[in-house]
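Enquirer: Quick one: structure below, then a few questions.
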2 protein chains.
Amino acid sequence: MTHDSTSNLPGAACPLPLAHTDRIVMGHGSGGKMSHDLIARLFIPAFDNPILRAGDDAGVFAASKGTARYALTTDCHVVTPLFFPGGDIGRLAVCGTVNDLAVMGATPRYLTAGFILEEGLETAVLEQVVRSMQAAAAEAGIQIVAGDTKVVQKGSADGLFITTSGLGTIPEGIHISGNNARPGDVVILSGPVGDHGIAVLAARGEIEMETDVQSDVAPLNRLVAALLAAAAPEIHVLRDPTRGGLATTLNEIARQSQVCIHLNEASIPVRPAVAAVCEMLGFDPLYVANEGKLVAIVAPGQAEAVLSAMHQAPYGAEAVIIGEITAAPNGRVLMKTAIGGTRIVDMLAGEMLPRIC
Amino acid sequence: MTHDSTSNLPGAACPLPLAHTDRIVMGHGSGGKMSHDLIARLFIPAFDNPILRAGDDAGVFAASKGTARYALTTDCHVVTPLFFPGGDIGRLAVCGTVNDLAVMGATPRYLTAGFILEEGLETAVLEQVVRSMQAAAAEAGIQIVAGDTKVVQKGSADGLFITTSGLGTIPEGIHISGNNARPGDVVILSGPVGDHGIAVLAARGEIEMETDVQSDVAPLNRLVAALLAAAAPEIHVLRDPTRGGLATTLNEIARQSQVCIHLNEASIPVRPAVAAVCEMLGFDPLYVANEGKLVAIVAPGQAEAVLSAMHQAPYGAEAVIIGEITAAPNGRVLMKTAIGGTRIVDMLAGEMLPRIC
């Protein structure tokens, strides 16, 4: 994602401001408050430019005035273990970058892949990961056009890290951004939350119960294309709720657009197996990572058309309406709970599940 | 760089074919024969497409038929230590990617940066690296438009790795590639070789003699722009001799273009301090990494014009002619030695200096 410029709101202060920490901690990679703090206090002031400051999932620019627009994005992948039910680091690396382009309304075109390998890594493991990347790239219709490989001594990296970058083209008339949510808009979610995070956790053997949860890791560009074909001008925001989960993603949008997002807890789908693990471990599934889910915020008149298009598109069969946008309280996510109350849903604080993507 | 497709020539067989190794070793990251073997046997067959197969320092494509051409490239940076005389990992990460674009004749436009941080890294170190990246980006005139940060547990990465990707635009009429060297062409080198590798080695405390060698790490895009302004259609190949050194880069070009490169040893500049360290450690400076040097292969009629343009451009003051292109023996680099003989200069075998970039 581009480095989000959103500064913390009053009442939502970062638990550990960067200015007061002299060491990097796991929470700086959580995708939640501490990640945003690092971005807002370090990266944005240093690299400042209007493209980065937009704070979306990819940098968007026209090569020259009046010409086609492009989206460019990058993601590092450090998931452990390298293979998990439903996917592996290779599929994750391709899909993560494809999805960051797709949610800008861009057609993913070209991908680069940088490999940092630990000395001693089994060649067969690398081969399997590379084959998985190619399969995901073929599914998404993206070409891998450049790469780099570095090897570090045993003990200096954890097996295999992959950084992918992607370039996409944005069709004329498409203007999707986290800034575009408007009061009255409807919030649609493409399916149940938390599958990826729980699948990876289970693959680490950190759960003392049997579970068959599979990661949802998938390329969402064809799902996005179906939405755009159905209702392009009325689709205001698209975002994939990865690290930090649905709650963090919606907080980002609420802050970027300066609106309030009202959720209906009863409408948010969670698979029973995911809910069971979350209950046992004390996790809230709203903060658990997804790698194949889409949030779409659309004009109310087009909500049914979008939902219907999603139901017929790949990875959209379980799409549901989960909430709506209001004007106030500005920058907040509120949720009507299953028992009838309303609570504030904040951004992820600290680090819940490290090395999840 | 794009994954070089050049297979090994008869008589230059890889010392450790990938098919016969079941583990990744340091040599797979050397930039030499084992890196090429990994690329030719694993990455190219898996990701195969015409852009990747070109084997240049960046993937080159037109977004649609008849429109402007773009170059896209990626590089991982794992140098240790993070700071060394003349530079640091941040300057290296920006310049490495800027230079891979520049040697395709592309104007560097947009950069992405992916950070993998080790838990416990001092925040002040990250801040210093980020400031250095911004200074290098400003010098090169490139914007950093997207980024990502992941944190891994203490012991799971070595301080800080940075993967940069870059997008550049290629002006009309510019067609530079490692495939374009022709018999009769002149080989120009922008300055002395080996500075970067020796500076990093010295910074590690691995040299038992005092040395004041500084890394040459620098953005070469303004030097390239000066060359193109002087003699664009007659500049056939540009390449920056990084990992694997000048010898490996010239072997890549000889194979890609199916020509022979004849060097004159007496013409290849090496600073006395670099030569002294190399002699002590038994290194050949032709295989030591550079991060701010340019090889230009140009039509003979334009050699003097190019040399003169380089002398007046940033980082080109010490440019010299070091050799010429002949038709045979095809795919080889030969060198007339200082004592009058001729020897074969092969690609780097194994790993000489790990973690140099």
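Simple scheme: letters A, B, ... for chains in structure tokens order, numbers from 1 for residues in each chain, numbers from 1 for ligands in the order shown.
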Could you give me, as a tab-separated table, every chain A residue with an atom at most 6 Å from chain B, plus its closest atom pair and distance in Å to one decimal, counting only C-alpha atoms, rows ordered by chain then number?
Expert:
residue	atom	partner	partner_atom	distance
A:Thr2	CA	B:Ala146	CA	4.1
A:His3	CA	B:Gly147	CA	5.9
A:Asp22	CA	B:Thr123	CA	5.1
A:Arg23	CA	B:Glu122	CA	4.4
A:Ile24	CA	B:Gly120	CA	5.0
A:Val25	CA	B:Glu119	CA	5.0
A:Met26	CA	B:Val151	CA	5.6
A:Gly29	CA	B:Lys150	CA	4.6
A:Phe47	CA	B:Gln134	CA	5.9
A:Ile51	CA	B:Val145	CA	5.7
A:Leu52	CA	B:Val145	CA	4.7
A:Gly59	CA	B:Val145	CA	5.3
A:Thr73	CA	B:Ala146	CA	5.6
A:Thr74	CA	B:Gly147	CA	5.9
A:Asp75	CA	B:Asp148	CA	5.4
A:Cys76	CA	B:Gly114	CA	5.8
A:Gly114	CA	B:Cys76	CA	5.8
A:Glu119	CA	B:Val25	CA	5.0
A:Gly120	CA	B:Ile24	CA	5.0
A:Leu121	CA	B:Ile24	CA	5.2
A:Glu122	CA	B:Arg23	CA	4.4
A:Thr123	CA	B:Asp22	CA	5.0
A:Gln134	CA	B:Phe47	CA	5.9
A:Val145	CA	B:Leu52	CA	4.7
A:Ala146	CA	B:Thr2	CA	4.1
A:Gly147	CA	B:Thr2	CA	5.4
A:Asp148	CA	B:Asp75	CA	5.4
A:Lys150	CA	B:Gly29	CA	4.6
A:Val151	CA	B:Gly29	CA	4.7
A:Ser156	CA	B:Asp158	CA	4.9
A:Ala157	CA	B:Ala157	CA	4.2
A:Asp158	CA	B:Ser156	CA	4.9
Enquirer: Give me the residues near Thr248 of chain A as number ranges by chain, where near means some atom within 7 Å (using only C-alpha atoms) and where sequence neighbours in that chain fewer than 5 positions away do not count.
Expert: A: 32, 287, 347-348
Enquirer: Those residues you just picked out, can you put them in a file as a CSV table (one decimal), in the first residue's frame with N, CA, C and O atoms?
Expert:
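The file below, part_30.csv, is the result:
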chain,number,residue,atom,x,y,z
A,32,GLY,N,-1.6,-2.0,11.8
A,32,GLY,CA,-2.6,-1.2,12.7
A,32,GLY,C,-2.0,0.1,13.1
A,32,GLY,O,-1.2,0.8,12.3
A,287,TYR,N,-10.3,-8.2,13.4
A,287,TYR,CA,-8.9,-7.8,13.4
A,287,TYR,C,-8.0,-8.8,12.7
A,287,TYR,O,-6.8,-8.7,12.7
A,347,MET,N,-9.0,1.0,15.3
A,347,MET,CA,-7.9,0.3,14.5
A,347,MET,C,-7.2,-0.6,15.4
A,347,MET,O,-7.2,-0.5,16.6
A,348,LEU,N,-6.5,-1.6,14.8
A,348,LEU,CA,-5.7,-2.6,15.6
A,348,LEU,C,-4.6,-1.9,16.4
A,348,LEU,O,-3.9,-1.1,15.8
Enquirer: Neighbours of Gln302 of chain B within 9 Å (only C-alpha atoms; same-chain residues fewer than 6 positions away dropped), as a list in words?
Expert: Val186, Ala230, Ala231, Glu234 and Ile235 of chain B
Enquirer: Store the residues of this selection in a file with N, CA, C and O atoms, as a PDB file, in the first residue's frame.
Expert:
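Written file, result.pdb:
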ATOM      1  N   VAL B 186      32.989   0.109 -29.713  1.00  0.00           N
ATOM      2  CA  VAL B 186      34.005   0.455 -28.721  1.00  0.00           C
ATOM      3  C   VAL B 186      33.392   0.313 -27.324  1.00  0.00           C
ATOM      4  O   VAL B 186      32.232   0.649 -27.116  1.00  0.00           O
ATOM      5  N   ALA B 230      24.314  13.130 -26.513  1.00  0.00           N
ATOM      6  CA  ALA B 230      25.476  13.259 -27.399  1.00  0.00           C
ATOM      7  C   ALA B 230      25.379  12.359 -28.624  1.00  0.00           C
ATOM      8  O   ALA B 230      25.798  12.746 -29.718  1.00  0.00           O
ATOM      9  N   ALA B 231      24.831  11.132 -28.432  1.00  0.00           N
ATOM     10  CA  ALA B 231      24.949  10.161 -29.536  1.00  0.00           C
ATOM     11  C   ALA B 231      23.905   9.058 -29.477  1.00  0.00           C
ATOM     12  O   ALA B 231      24.211   7.897 -29.759  1.00  0.00           O
ATOM     13  N   GLU B 234      23.650   5.806 -31.680  1.00  0.00           N
ATOM     14  CA  GLU B 234      24.884   5.029 -31.803  1.00  0.00           C
ATOM     15  C   GLU B 234      25.297   4.384 -30.482  1.00  0.00           C
ATOM     16  O   GLU B 234      26.366   3.787 -30.393  1.00  0.00           O
ATOM     17  N   ILE B 235      24.484   4.530 -29.435  1.00  0.00           N
ATOM     18  CA  ILE B 235      24.770   3.862 -28.161  1.00  0.00           C
ATOM     19  C   ILE B 235      23.997   2.549 -28.162  1.00  0.00           C
ATOM     20  O   ILE B 235      22.771   2.526 -28.136  1.00  0.00           O
TER      21      ILE B 235
END
Enquirer: Per DSSP on the backbone, filter segment 221-328 of chain B down to the residues in alpha helix (DSSP H) and report them as a PyMOL selection string.
Expert: chain B and resi 221-231+245-257+272-281+303-312
Enquirer: Any chance you could list, as a PyMOL selection string, the residues in segment 49-156 of chain A that come up strand (DSSP E) when DSSP is run on the backbone?
Expert: chain A and resi 59-62+69-77+83-84+87-88+107-118+143-152
